[in-house]
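Below is the file target38.csv, which contains CSV, N, CA and C atoms.
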```
chain,number,residue,atom,x,y,z
Z,1278,MET,N,57.8,195.8,-31.8
Z,1278,MET,CA,57.3,194.5,-31.8
Z,1278,MET,C,56.3,194.3,-30.7
Z,1279,GLY,N,56.5,194.9,-29.5
Z,1279,GLY,CA,55.5,194.8,-28.4
Z,1279,GLY,C,54.2,195.5,-28.8
Z,1280,THR,N,54.2,196.5,-29.6
Z,1280,THR,CA,53.0,197.2,-30.0
Z,1280,THR,C,52.2,196.3,-30.9
Z,1281,ASP,N,52.9,195.5,-31.8
Z,1281,ASP,CA,52.1,194.6,-32.6
Z,1281,ASP,C,51.4,193.6,-31.8
Z,1282,ARG,N,52.0,193.1,-30.8
Z,1282,ARG,CA,51.3,192.1,-29.9
Z,1282,ARG,C,50.1,192.7,-29.2
Z,1283,THR,N,50.2,193.9,-28.7
Z,1283,THR,CA,49.1,194.6,-28.1
Z,1283,THR,C,48.0,194.8,-29.1
Z,1284,THR,N,48.4,195.2,-30.3
Z,1284,THR,CA,47.4,195.4,-31.3
Z,1284,THR,C,46.6,194.1,-31.7
Z,1285,SER,N,47.4,193.0,-31.8
Z,1285,SER,CA,46.7,191.8,-32.2
Z,1285,SER,C,45.9,191.3,-31.0
Z,1286,LEU,N,46.2,191.5,-29.8
Z,1286,LEU,CA,45.4,191.2,-28.7
Z,1286,LEU,C,44.1,192.0,-28.7
Z,1287,ARG,N,44.2,193.2,-29.0
Z,1287,ARG,CA,43.1,194.1,-29.0
Z,1287,ARG,C,42.0,193.7,-29.9
Z,1288,THR,N,42.3,193.0,-31.0
Z,1288,THR,CA,41.3,192.6,-32.0
Z,1288,THR,C,40.5,191.4,-31.4
Z,1289,ASP,N,41.1,190.7,-30.4
Z,1289,ASP,CA,40.4,189.6,-29.8
Z,1289,ASP,C,39.4,190.0,-28.8
Z,1290,VAL,N,39.3,191.3,-28.4
Z,1290,VAL,CA,38.4,191.8,-27.4
Z,1290,VAL,C,37.0,192.0,-28.1
Z,1291,ASP,N,36.0,191.3,-27.6
Z,1291,ASP,CA,34.7,191.6,-28.0
Z,1291,ASP,C,34.0,192.4,-26.9
Z,1292,LEU,N,34.1,193.7,-27.1
Z,1292,LEU,CA,33.6,194.7,-26.1
Z,1292,LEU,C,32.2,194.4,-25.6
Z,1293,GLU,N,31.3,194.2,-26.5
Z,1293,GLU,CA,29.9,194.0,-26.2
Z,1293,GLU,C,29.7,192.7,-25.4
Z,1294,GLU,N,30.4,191.7,-25.8
Z,1294,GLU,CA,30.3,190.4,-25.1
Z,1294,GLU,C,30.9,190.6,-23.7
Z,1295,ALA,N,32.0,191.3,-23.5
Z,1295,ALA,CA,32.6,191.5,-22.2
Z,1295,ALA,C,31.6,192.2,-21.3
Z,1296,LYS,N,31.0,193.3,-21.9
Z,1296,LYS,CA,30.1,194.1,-21.1
Z,1296,LYS,C,28.8,193.2,-20.7
Z,1297,ALA,N,28.4,192.4,-21.6
Z,1297,ALA,CA,27.2,191.5,-21.3
Z,1297,ALA,C,27.6,190.5,-20.2
Z,1298,THR,N,28.8,190.0,-20.3
Z,1298,THR,CA,29.3,189.1,-19.3
Z,1298,THR,C,29.4,189.7,-17.9
Z,1299,ILE,N,29.8,190.9,-17.8
Z,1299,ILE,CA,29.9,191.7,-16.6
Z,1299,ILE,C,28.5,191.8,-16.0
Z,1300,THR,N,27.6,192.2,-16.8
Z,1300,THR,CA,26.2,192.4,-16.4
Z,1300,THR,C,25.6,191.1,-15.9
Z,1301,ARG,N,25.9,190.0,-16.6
Z,1301,ARG,CA,25.4,188.7,-16.1
Z,1301,ARG,C,26.0,188.3,-14.7
Z,1302,ALA,N,27.3,188.6,-14.6
Z,1302,ALA,CA,28.0,188.2,-13.3
Z,1302,ALA,C,27.5,189.1,-12.1
Z,1303,LEU,N,27.2,190.3,-12.4
Z,1303,LEU,CA,26.9,191.3,-11.3
Z,1303,LEU,C,25.4,191.5,-11.1
Z,1304,THR,N,24.5,190.8,-11.8
Z,1304,THR,CA,23.1,190.9,-11.7
Z,1304,THR,C,22.7,190.4,-10.3
Z,1305,GLU,N,21.9,191.2,-9.6
Z,1305,GLU,CA,21.3,190.8,-8.3
Z,1305,GLU,C,20.1,189.9,-8.6
Z,1306,ARG,N,20.1,188.8,-8.0
Z,1306,ARG,CA,19.1,187.8,-8.2
Z,1306,ARG,C,18.3,187.5,-6.9
Z,1307,SER,N,17.1,187.1,-7.0
Z,1307,SER,CA,16.3,186.7,-5.8
Z,1307,SER,C,16.6,185.3,-5.4
Z,1308,ALA,N,17.1,184.5,-6.4
Z,1308,ALA,CA,17.5,183.1,-6.2
Z,1308,ALA,C,18.8,182.8,-7.0
Z,1309,LEU,N,19.6,181.9,-6.4
Z,1309,LEU,CA,20.9,181.6,-7.1
Z,1309,LEU,C,20.6,180.8,-8.4
Z,1310,PRO,N,21.4,181.1,-9.4
Z,1310,PRO,CA,21.2,180.3,-10.6
Z,1310,PRO,C,21.7,178.8,-10.5
Z,1311,PRO,N,21.4,178.0,-11.4
Z,1311,PRO,CA,21.9,176.6,-11.3
Z,1311,PRO,C,23.5,176.6,-11.3
Z,1312,TYR,N,24.1,175.6,-10.7
Z,1312,TYR,CA,25.5,175.5,-10.6
Z,1312,TYR,C,26.1,175.4,-12.1
Z,1313,ALA,N,25.5,174.7,-12.9
Z,1313,ALA,CA,26.0,174.6,-14.3
Z,1313,ALA,C,26.0,175.9,-15.0
Z,1314,GLU,N,25.1,176.8,-14.8
Z,1314,GLU,CA,25.1,178.1,-15.3
Z,1314,GLU,C,26.3,178.9,-14.8
Z,1315,LEU,N,26.5,178.8,-13.5
Z,1315,LEU,CA,27.7,179.5,-12.9
Z,1315,LEU,C,29.0,179.0,-13.4
Z,1316,CYS,N,29.1,177.7,-13.7
Z,1316,CYS,CA,30.3,177.1,-14.3
Z,1316,CYS,C,30.5,177.7,-15.7
Z,1317,GLU,N,29.5,177.8,-16.5
Z,1317,GLU,CA,29.6,178.3,-17.8
Z,1317,GLU,C,30.0,179.8,-17.8
Z,1318,LEU,N,29.4,180.6,-16.9
Z,1318,LEU,CA,29.7,182.0,-16.7
Z,1318,LEU,C,31.2,182.2,-16.2
Z,1319,HIS,N,31.6,181.3,-15.3
Z,1319,HIS,CA,33.0,181.3,-14.8
Z,1319,HIS,C,34.0,181.2,-16.0
Z,1320,GLN,N,33.7,180.2,-16.9
Z,1320,GLN,CA,34.6,180.0,-18.0
Z,1320,GLN,C,34.7,181.2,-18.9
Z,1321,VAL,N,33.5,181.8,-19.2
Z,1321,VAL,CA,33.5,183.0,-20.0
Z,1321,VAL,C,34.2,184.2,-19.4
Z,1322,LEU,N,34.0,184.3,-18.1
Z,1322,LEU,CA,34.8,185.4,-17.4
Z,1322,LEU,C,36.3,185.2,-17.5
Z,1323,LEU,N,36.7,183.9,-17.2
Z,1323,LEU,CA,38.2,183.7,-17.3
Z,1323,LEU,C,38.7,183.9,-18.7
Z,1324,GLY,N,38.0,183.7,-19.7
Z,1324,GLY,CA,38.4,183.9,-21.1
Z,1324,GLY,C,38.6,185.4,-21.3
Z,1325,HIS,N,37.6,186.2,-20.9
Z,1325,HIS,CA,37.8,187.7,-21.1
Z,1325,HIS,C,38.9,188.2,-20.2
Z,1326,ILE,N,39.0,187.7,-19.0
Z,1326,ILE,CA,40.1,188.2,-18.1
Z,1326,ILE,C,41.5,187.9,-18.7
Z,1327,GLU,N,41.6,186.7,-19.3
Z,1327,GLU,CA,42.9,186.4,-20.0
Z,1327,GLU,C,43.2,187.3,-21.1
Z,1328,VAL,N,42.3,187.7,-21.9
Z,1328,VAL,CA,42.5,188.6,-23.0
Z,1328,VAL,C,42.8,190.0,-22.5
Z,1329,LEU,N,42.1,190.5,-21.5
Z,1329,LEU,CA,42.2,191.9,-21.1
Z,1329,LEU,C,43.3,192.2,-20.1
Z,1330,LYS,N,43.8,191.2,-19.4
Z,1330,LYS,CA,44.8,191.4,-18.4
Z,1330,LYS,C,46.1,192.0,-19.0
Z,1331,PRO,N,46.6,191.5,-20.1
Z,1331,PRO,CA,47.8,192.2,-20.6
Z,1331,PRO,C,47.6,193.6,-21.1
Z,1332,LEU,N,46.4,193.8,-21.7
Z,1332,LEU,CA,46.1,195.2,-22.1
Z,1332,LEU,C,46.0,196.2,-21.0
Z,1333,ALA,N,45.4,195.7,-19.9
Z,1333,ALA,CA,45.3,196.6,-18.7
Z,1333,ALA,C,46.7,196.8,-18.1
Z,1334,ALA,N,47.5,195.7,-18.1
Z,1334,ALA,CA,48.8,195.8,-17.5
Z,1334,ALA,C,49.7,196.9,-18.3
Z,1335,ALA,N,49.5,196.9,-19.6
Z,1335,ALA,CA,50.3,197.9,-20.4
Z,1335,ALA,C,49.8,199.3,-20.1
Z,1336,GLN,N,48.5,199.5,-19.9
Z,1336,GLN,CA,47.9,200.8,-19.6
Z,1336,GLN,C,48.4,201.2,-18.2
Z,1337,ILE,N,48.3,200.3,-17.2
Z,1337,ILE,CA,48.7,200.7,-15.9
Z,1337,ILE,C,50.2,200.9,-15.8
Z,1338,ASP,N,51.0,200.2,-16.5
Z,1338,ASP,CA,52.4,200.4,-16.4
Z,1338,ASP,C,52.8,201.7,-17.1
Z,1339,GLY,N,51.9,202.3,-17.9
Z,1339,GLY,CA,52.1,203.6,-18.5
Z,1339,GLY,C,51.8,204.7,-17.6
Z,1340,LEU,N,51.2,204.5,-16.4
Z,1340,LEU,CA,50.9,205.5,-15.5
Z,1340,LEU,C,52.2,205.9,-14.8
Z,1341,ASN,N,52.2,207.1,-14.1
Z,1341,ASN,CA,53.3,207.6,-13.4
Z,1341,ASN,C,53.6,206.7,-12.1
Z,1342,HIS,N,54.6,205.9,-12.2
Z,1342,HIS,CA,54.9,204.9,-11.1
Z,1342,HIS,C,55.2,205.7,-9.8
Z,1343,GLY,N,54.7,205.1,-8.8
Z,1343,GLY,CA,54.9,205.7,-7.5
Z,1343,GLY,C,53.7,206.6,-7.0
Z,1344,THR,N,52.8,206.8,-7.9
Z,1344,THR,CA,51.6,207.6,-7.5
Z,1344,THR,C,50.6,206.6,-6.9
Z,1345,ARG,N,49.6,207.2,-6.1
Z,1345,ARG,CA,48.6,206.5,-5.5
Z,1345,ARG,C,47.8,205.7,-6.5
Z,1346,GLU,N,47.5,206.3,-7.6
Z,1346,GLU,CA,46.7,205.7,-8.7
Z,1346,GLU,C,47.4,204.4,-9.2
Z,1347,TRP,N,48.7,204.6,-9.5
Z,1347,TRP,CA,49.5,203.4,-10.0
Z,1347,TRP,C,49.5,202.3,-9.0
Z,1348,TYR,N,49.9,202.6,-7.7
Z,1348,TYR,CA,50.0,201.6,-6.7
Z,1348,TYR,C,48.6,200.8,-6.5
Z,1349,GLY,N,47.5,201.6,-6.5
Z,1349,GLY,CA,46.2,200.9,-6.3
Z,1349,GLY,C,45.9,200.0,-7.4
Z,1350,LYS,N,46.1,200.5,-8.6
Z,1350,LYS,CA,45.7,199.7,-9.8
Z,1350,LYS,C,46.7,198.5,-10.0
Z,1351,ARG,N,48.0,198.7,-9.7
Z,1351,ARG,CA,49.0,197.7,-9.8
Z,1351,ARG,C,48.7,196.6,-8.8
Z,1352,ALA,N,48.3,197.0,-7.6
Z,1352,ALA,CA,48.0,196.0,-6.5
Z,1352,ALA,C,46.8,195.1,-6.9
Z,1353,LYS,N,45.8,195.7,-7.5
Z,1353,LYS,CA,44.6,195.0,-8.0
Z,1353,LYS,C,45.0,194.1,-9.1
Z,1354,LEU,N,45.8,194.5,-10.0
Z,1354,LEU,CA,46.3,193.7,-11.2
Z,1354,LEU,C,47.1,192.5,-10.7
Z,1355,ASP,N,47.9,192.8,-9.7
Z,1355,ASP,CA,48.8,191.7,-9.2
Z,1355,ASP,C,48.0,190.6,-8.4
Z,1356,SER,N,46.8,191.0,-7.9
Z,1356,SER,CA,46.0,190.0,-7.2
Z,1356,SER,C,45.1,189.1,-8.1
Z,1357,ILE,N,45.0,189.5,-9.4
Z,1357,ILE,CA,44.1,188.7,-10.3
Z,1357,ILE,C,44.5,187.3,-10.5
Z,1358,PRO,N,45.8,186.9,-10.6
Z,1358,PRO,CA,46.2,185.5,-10.7
Z,1358,PRO,C,45.7,184.7,-9.6
Z,1359,TYR,N,45.7,185.2,-8.4
Z,1359,TYR,CA,45.2,184.5,-7.2
Z,1359,TYR,C,43.7,184.4,-7.2
Z,1360,GLU,N,43.0,185.4,-7.7
Z,1360,GLU,CA,41.5,185.3,-7.8
Z,1360,GLU,C,41.1,184.3,-8.8
Z,1361,VAL,N,41.7,184.2,-9.9
Z,1361,VAL,CA,41.3,183.3,-11.0
Z,1361,VAL,C,41.6,181.8,-10.6
Z,1362,CYS,N,42.5,181.5,-9.8
Z,1362,CYS,CA,42.9,180.2,-9.4
Z,1362,CYS,C,42.0,179.6,-8.3
Z,1363,TRP,N,41.2,180.4,-7.6
Z,1363,TRP,CA,40.4,180.0,-6.5
Z,1363,TRP,C,39.4,178.9,-6.9
Z,1364,GLY,N,38.9,179.0,-8.1
Z,1364,GLY,CA,37.8,178.1,-8.6
Z,1364,GLY,C,36.5,178.5,-8.0
Z,1365,LEU,N,35.5,177.6,-8.2
Z,1365,LEU,CA,34.1,178.0,-7.8
Z,1365,LEU,C,33.8,177.4,-6.4
Z,1366,GLY,N,34.5,176.5,-6.0
Z,1366,GLY,CA,34.2,175.8,-4.7
Z,1366,GLY,C,33.1,174.8,-4.9
Z,1367,SER,N,32.7,174.1,-3.9
Z,1367,SER,CA,31.8,173.0,-4.0
Z,1367,SER,C,30.3,173.4,-3.9
Z,1368,GLY,N,30.0,174.6,-3.3
Z,1368,GLY,CA,28.7,175.0,-3.1
Z,1368,GLY,C,28.1,176.0,-4.0
Z,1369,LEU,N,26.9,176.1,-4.1
Z,1369,LEU,CA,26.2,177.1,-4.9
Z,1369,LEU,C,26.5,178.6,-4.5
Z,1370,GLN,N,26.5,178.8,-3.2
Z,1370,GLN,CA,26.8,180.2,-2.7
Z,1370,GLN,C,28.3,180.6,-3.0
Z,1371,SER,N,29.2,179.6,-2.8
Z,1371,SER,CA,30.6,180.0,-3.1
Z,1371,SER,C,30.8,180.2,-4.6
Z,1372,ALA,N,30.1,179.5,-5.4
Z,1372,ALA,CA,30.3,179.6,-6.9
Z,1372,ALA,C,29.7,181.0,-7.3
Z,1373,ALA,N,28.5,181.4,-6.7
Z,1373,ALA,CA,27.9,182.6,-7.0
Z,1373,ALA,C,28.8,183.8,-6.6
Z,1374,SER,N,29.4,183.7,-5.4
Z,1374,SER,CA,30.3,184.7,-4.9
Z,1374,SER,C,31.5,184.9,-5.8
Z,1375,GLN,N,32.1,183.7,-6.2
Z,1375,GLN,CA,33.3,183.8,-7.0
Z,1375,GLN,C,33.0,184.4,-8.4
Z,1376,VAL,N,31.9,184.1,-9.0
Z,1376,VAL,CA,31.4,184.7,-10.2
Z,1376,VAL,C,31.3,186.2,-10.1
Z,1377,GLU,N,30.7,186.6,-9.0
Z,1377,GLU,CA,30.5,188.0,-8.8
Z,1377,GLU,C,31.9,188.7,-8.6
Z,1378,ARG,N,32.8,188.1,-7.8
Z,1378,ARG,CA,34.2,188.7,-7.7
Z,1378,ARG,C,34.8,188.8,-9.1
Z,1379,LEU,N,34.7,187.8,-9.9
Z,1379,LEU,CA,35.4,187.8,-11.2
Z,1379,LEU,C,34.7,188.9,-12.1
Z,1380,GLY,N,33.4,189.1,-11.9
Z,1380,GLY,CA,32.7,190.1,-12.6
Z,1380,GLY,C,33.3,191.5,-12.3
Z,1381,HIS,N,33.5,191.7,-11.1
Z,1381,HIS,CA,34.2,193.0,-10.7
Z,1381,HIS,C,35.6,193.1,-11.2
Z,1382,THR,N,36.3,192.0,-11.2
Z,1382,THR,CA,37.7,192.0,-11.8
Z,1382,THR,C,37.6,192.3,-13.3
Z,1383,LEU,N,36.7,191.7,-14.0
Z,1383,LEU,CA,36.6,191.9,-15.4
Z,1383,LEU,C,36.2,193.4,-15.7
Z,1384,ARG,N,35.4,193.9,-14.9
Z,1384,ARG,CA,35.0,195.4,-15.1
Z,1384,ARG,C,36.3,196.2,-14.9
Z,1385,PHE,N,37.1,195.9,-13.8
Z,1385,PHE,CA,38.3,196.7,-13.6
Z,1385,PHE,C,39.2,196.6,-14.8
Z,1386,LEU,N,39.4,195.4,-15.3
Z,1386,LEU,CA,40.3,195.2,-16.5
Z,1386,LEU,C,39.8,196.0,-17.7
Z,1387,LEU,N,38.5,195.9,-17.9
Z,1387,LEU,CA,37.9,196.6,-19.1
Z,1387,LEU,C,38.1,198.1,-18.9
Z,1388,GLU,N,37.8,198.6,-17.8
Z,1388,GLU,CA,38.0,200.1,-17.5
Z,1388,GLU,C,39.4,200.5,-17.6
Z,1389,ASN,N,40.4,199.6,-17.4
Z,1389,ASN,CA,41.8,200.0,-17.4
Z,1389,ASN,C,42.5,199.5,-18.6
Z,1390,SER,N,41.9,198.9,-19.5
Z,1390,SER,CA,42.6,198.3,-20.7
Z,1390,SER,C,42.8,199.3,-21.8
Z,1391,GLY,N,42.0,200.4,-21.8
Z,1391,GLY,CA,42.2,201.3,-22.9
Z,1391,GLY,C,41.3,200.9,-24.1
Z,1392,VAL,N,40.7,199.8,-24.1
Z,1392,VAL,CA,39.9,199.3,-25.2
Z,1392,VAL,C,38.6,200.2,-25.4
Z,1393,GLN,N,37.9,200.5,-24.3
Z,1393,GLN,CA,36.6,201.2,-24.4
Z,1393,GLN,C,36.8,202.5,-25.1
Z,1394,GLY,N,37.8,203.3,-24.8
Z,1394,GLY,CA,37.9,204.6,-25.4
Z,1394,GLY,C,38.2,204.5,-26.9
Z,1395,ARG,N,38.9,203.5,-27.3
Z,1395,ARG,CA,39.3,203.3,-28.7
Z,1395,ARG,C,38.1,202.8,-29.5
Z,1396,VAL,N,37.3,202.0,-28.9
Z,1396,VAL,CA,36.2,201.3,-29.6
Z,1396,VAL,C,35.0,202.2,-29.7
Z,1397,GLU,N,34.7,202.9,-28.7
Z,1397,GLU,CA,33.4,203.8,-28.7
Z,1397,GLU,C,33.6,205.1,-29.4
```
Would you mind writing the file's structure down as structure tokens?
Amino acid sequence: MGTDRTTSLRTDVDLEEAKATITRALTERSALPPYAELCELHQVLLGHIEVLKPLAAAQIDGLNHGTREWYGKRAKLDSIPYEVCWGLGSGLQSAASQVERLGHTLRFLLENSGVQGRVE
């Protein structure tokens, strides 16, 4: 039954959209984008993170527990709920920084979800 849930979640992953969102979040800019644009990107990032987090958790939990790789990835995974609840803050710089942090988080989840290998 758990496999069926993972399979149904996997169909909700739009790999190309997730990659494009990461690119948008991590693009170096000479000037900060408007706050409204950062708010929209923040919401898109949170949506992808919500879909990919359980998939990455399943992959990470399949690693050999107690290894350095498992501990590192599990620690990052466990920090994600705290990262997503920070919000954007009231300033443009804090919003841009949070969007960049979440871009790195989304990339981590995508790389560890097992989705890329199956799709490509």
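You can rank Z:Glu1327, Z:Asn1389, Z:Leu1383, Z:Leu1318 by their closest distance to Trp1347 of chain Z using only C-alpha atoms, and at the top of that list sits Z:Asn1389.
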Give me the residues near Asp1289 of chain Z as number ranges by chain, where near means some atom within 12 Å (using only C-alpha atoms) and where sequence neighbours in that chain fewer than 6 positions away do not count.
Z: 1282-1283, 1295, 1324-1329, 1332, 1392
Quick one: distance from atom CA of Ile1357 of chain Z to atom CA of Leu1322 of chain Z in Å, one decimal?
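Between atom CA of Ile1357 of chain Z and atom CA of Leu1322 of chain Z the gap is 12.2 Å.
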Counting only C-alpha atoms, find the residues whose atoms lie at most 12 Å from (34.8, 198.3, -17.1) (file coordinates) and write them out as a PDB file with N, CA and C atoms, in the coordinates of the input.
```pdb
ATOM      1  N   LEU Z1292      34.100 193.700 -27.100  1.00  0.00           N
ATOM      2  CA  LEU Z1292      33.600 194.700 -26.100  1.00  0.00           C
ATOM      3  C   LEU Z1292      32.200 194.400 -25.600  1.00  0.00           C
ATOM      4  N   GLU Z1293      31.300 194.200 -26.500  1.00  0.00           N
ATOM      5  CA  GLU Z1293      29.900 194.000 -26.200  1.00  0.00           C
ATOM      6  C   GLU Z1293      29.700 192.700 -25.400  1.00  0.00           C
ATOM      7  N   ALA Z1295      32.000 191.300 -23.500  1.00  0.00           N
ATOM      8  CA  ALA Z1295      32.600 191.500 -22.200  1.00  0.00           C
ATOM      9  C   ALA Z1295      31.600 192.200 -21.300  1.00  0.00           C
ATOM     10  N   LYS Z1296      31.000 193.300 -21.900  1.00  0.00           N
ATOM     11  CA  LYS Z1296      30.100 194.100 -21.100  1.00  0.00           C
ATOM     12  C   LYS Z1296      28.800 193.200 -20.700  1.00  0.00           C
ATOM     13  N   ALA Z1297      28.400 192.400 -21.600  1.00  0.00           N
ATOM     14  CA  ALA Z1297      27.200 191.500 -21.300  1.00  0.00           C
ATOM     15  C   ALA Z1297      27.600 190.500 -20.200  1.00  0.00           C
ATOM     16  N   THR Z1298      28.800 190.000 -20.300  1.00  0.00           N
ATOM     17  CA  THR Z1298      29.300 189.100 -19.300  1.00  0.00           C
ATOM     18  C   THR Z1298      29.400 189.700 -17.900  1.00  0.00           C
ATOM     19  N   ILE Z1299      29.800 190.900 -17.800  1.00  0.00           N
ATOM     20  CA  ILE Z1299      29.900 191.700 -16.600  1.00  0.00           C
ATOM     21  C   ILE Z1299      28.500 191.800 -16.000  1.00  0.00           C
ATOM     22  N   THR Z1300      27.600 192.200 -16.800  1.00  0.00           N
ATOM     23  CA  THR Z1300      26.200 192.400 -16.400  1.00  0.00           C
ATOM     24  C   THR Z1300      25.600 191.100 -15.900  1.00  0.00           C
ATOM     25  N   HIS Z1325      37.600 186.200 -20.900  1.00  0.00           N
ATOM     26  CA  HIS Z1325      37.800 187.700 -21.100  1.00  0.00           C
ATOM     27  C   HIS Z1325      38.900 188.200 -20.200  1.00  0.00           C
ATOM     28  N   ILE Z1326      39.000 187.700 -19.000  1.00  0.00           N
ATOM     29  CA  ILE Z1326      40.100 188.200 -18.100  1.00  0.00           C
ATOM     30  C   ILE Z1326      41.500 187.900 -18.700  1.00  0.00           C
ATOM     31  N   LEU Z1329      42.100 190.500 -21.500  1.00  0.00           N
ATOM     32  CA  LEU Z1329      42.200 191.900 -21.100  1.00  0.00           C
ATOM     33  C   LEU Z1329      43.300 192.200 -20.100  1.00  0.00           C
ATOM     34  N   ALA Z1333      45.400 195.700 -19.900  1.00  0.00           N
ATOM     35  CA  ALA Z1333      45.300 196.600 -18.700  1.00  0.00           C
ATOM     36  C   ALA Z1333      46.700 196.800 -18.100  1.00  0.00           C
ATOM     37  N   GLY Z1380      33.400 189.100 -11.900  1.00  0.00           N
ATOM     38  CA  GLY Z1380      32.700 190.100 -12.600  1.00  0.00           C
ATOM     39  C   GLY Z1380      33.300 191.500 -12.300  1.00  0.00           C
ATOM     40  N   HIS Z1381      33.500 191.700 -11.100  1.00  0.00           N
ATOM     41  CA  HIS Z1381      34.200 193.000 -10.700  1.00  0.00           C
ATOM     42  C   HIS Z1381      35.600 193.100 -11.200  1.00  0.00           C
ATOM     43  N   THR Z1382      36.300 192.000 -11.200  1.00  0.00           N
ATOM     44  CA  THR Z1382      37.700 192.000 -11.800  1.00  0.00           C
ATOM     45  C   THR Z1382      37.600 192.300 -13.300  1.00  0.00           C
ATOM     46  N   LEU Z1383      36.700 191.700 -14.000  1.00  0.00           N
ATOM     47  CA  LEU Z1383      36.600 191.900 -15.400  1.00  0.00           C
ATOM     48  C   LEU Z1383      36.200 193.400 -15.700  1.00  0.00           C
ATOM     49  N   ARG Z1384      35.400 193.900 -14.900  1.00  0.00           N
ATOM     50  CA  ARG Z1384      35.000 195.400 -15.100  1.00  0.00           C
ATOM     51  C   ARG Z1384      36.300 196.200 -14.900  1.00  0.00           C
ATOM     52  N   PHE Z1385      37.100 195.900 -13.800  1.00  0.00           N
ATOM     53  CA  PHE Z1385      38.300 196.700 -13.600  1.00  0.00           C
ATOM     54  C   PHE Z1385      39.200 196.600 -14.800  1.00  0.00           C
ATOM     55  N   LEU Z1386      39.400 195.400 -15.300  1.00  0.00           N
ATOM     56  CA  LEU Z1386      40.300 195.200 -16.500  1.00  0.00           C
ATOM     57  C   LEU Z1386      39.800 196.000 -17.700  1.00  0.00           C
ATOM     58  N   LEU Z1387      38.500 195.900 -17.900  1.00  0.00           N
ATOM     59  CA  LEU Z1387      37.900 196.600 -19.100  1.00  0.00           C
ATOM     60  C   LEU Z1387      38.100 198.100 -18.900  1.00  0.00           C
ATOM     61  N   GLU Z1388      37.800 198.600 -17.800  1.00  0.00           N
ATOM     62  CA  GLU Z1388      38.000 200.100 -17.500  1.00  0.00           C
ATOM     63  C   GLU Z1388      39.400 200.500 -17.600  1.00  0.00           C
ATOM     64  N   ASN Z1389      40.400 199.600 -17.400  1.00  0.00           N
ATOM     65  CA  ASN Z1389      41.800 200.000 -17.400  1.00  0.00           C
ATOM     66  C   ASN Z1389      42.500 199.500 -18.600  1.00  0.00           C
ATOM     67  N   SER Z1390      41.900 198.900 -19.500  1.00  0.00           N
ATOM     68  CA  SER Z1390      42.600 198.300 -20.700  1.00  0.00           C
ATOM     69  C   SER Z1390      42.800 199.300 -21.800  1.00  0.00           C
ATOM     70  N   GLY Z1391      42.000 200.400 -21.800  1.00  0.00           N
ATOM     71  CA  GLY Z1391      42.200 201.300 -22.900  1.00  0.00           C
ATOM     72  C   GLY Z1391      41.300 200.900 -24.100  1.00  0.00           C
ATOM     73  N   VAL Z1392      40.700 199.800 -24.100  1.00  0.00           N
ATOM     74  CA  VAL Z1392      39.900 199.300 -25.200  1.00  0.00           C
ATOM     75  C   VAL Z1392      38.600 200.200 -25.400  1.00  0.00           C
ATOM     76  N   GLN Z1393      37.900 200.500 -24.300  1.00  0.00           N
ATOM     77  CA  GLN Z1393      36.600 201.200 -24.400  1.00  0.00           C
ATOM     78  C   GLN Z1393      36.800 202.500 -25.100  1.00  0.00           C
ATOM     79  N   GLY Z1394      37.800 203.300 -24.800  1.00  0.00           N
ATOM     80  CA  GLY Z1394      37.900 204.600 -25.400  1.00  0.00           C
ATOM     81  C   GLY Z1394      38.200 204.500 -26.900  1.00  0.00           C
TER      82      GLY Z1394
END
```
Which neighbours of Tyr1312 of chain Z fall inside 8 Å, counting only N, CA and C atoms, when residues of the same chain fewer than 3 positions from it are skipped, and could you give them as a VMD selection string?
chain Z and resid 1309 1315 to 1318 1368 to 1369 1372 to 1373
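Distance annotation: of Z:His1319, Z:Arg1345, Z:Lys1330, Z:Arg1351, the residue with the minimal separation from Gly1364 of chain Z is Z:His1319; atom set is only C-alpha atoms.
You will find atom N of Leu1303 of chain Z at 28.3 Å from atom CA of Leu1340 of chain Z.
Distance check against Cys1362 of chain Z using only C-alpha atoms: of Z:Gln1375, Z:Gly1339, Z:Ser1307, Z:Lys1350, the minimum falls on Z:Gln1375.
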Using backbone DSSP assignments, extract all alpha helix (DSSP H) residues from segment 1306-1373 of chain Z; output them as JSON, numbers by chain.
{"Z": [1312, 1313, 1314, 1315, 1316, 1317, 1318, 1319, 1320, 1321, 1322, 1323, 1324, 1325, 1326, 1327, 1328, 1329, 1330, 1331, 1332, 1333, 1334, 1335, 1336, 1337, 1338, 1345, 1346, 1347, 1348, 1349, 1350, 1351, 1352, 1353, 1354, 1355, 1356, 1357, 1358, 1359, 1360, 1361, 1369, 1370, 1371, 1372, 1373]}
For a quick check of understanding, using only C-alpha atoms, which of Z:Ala1334, Z:Asn1341, Z:Glu1305, Z:Glu1314 has the smallest distance to Lys1353 of chain Z?
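Smallest distance to Lys1353 of chain Z is found for Z:Ala1334.
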To one decimal place, how far is atom CA of Thr1304 of chain Z from atom CA of Gln1336 of chain Z in Å?
27.8 Å
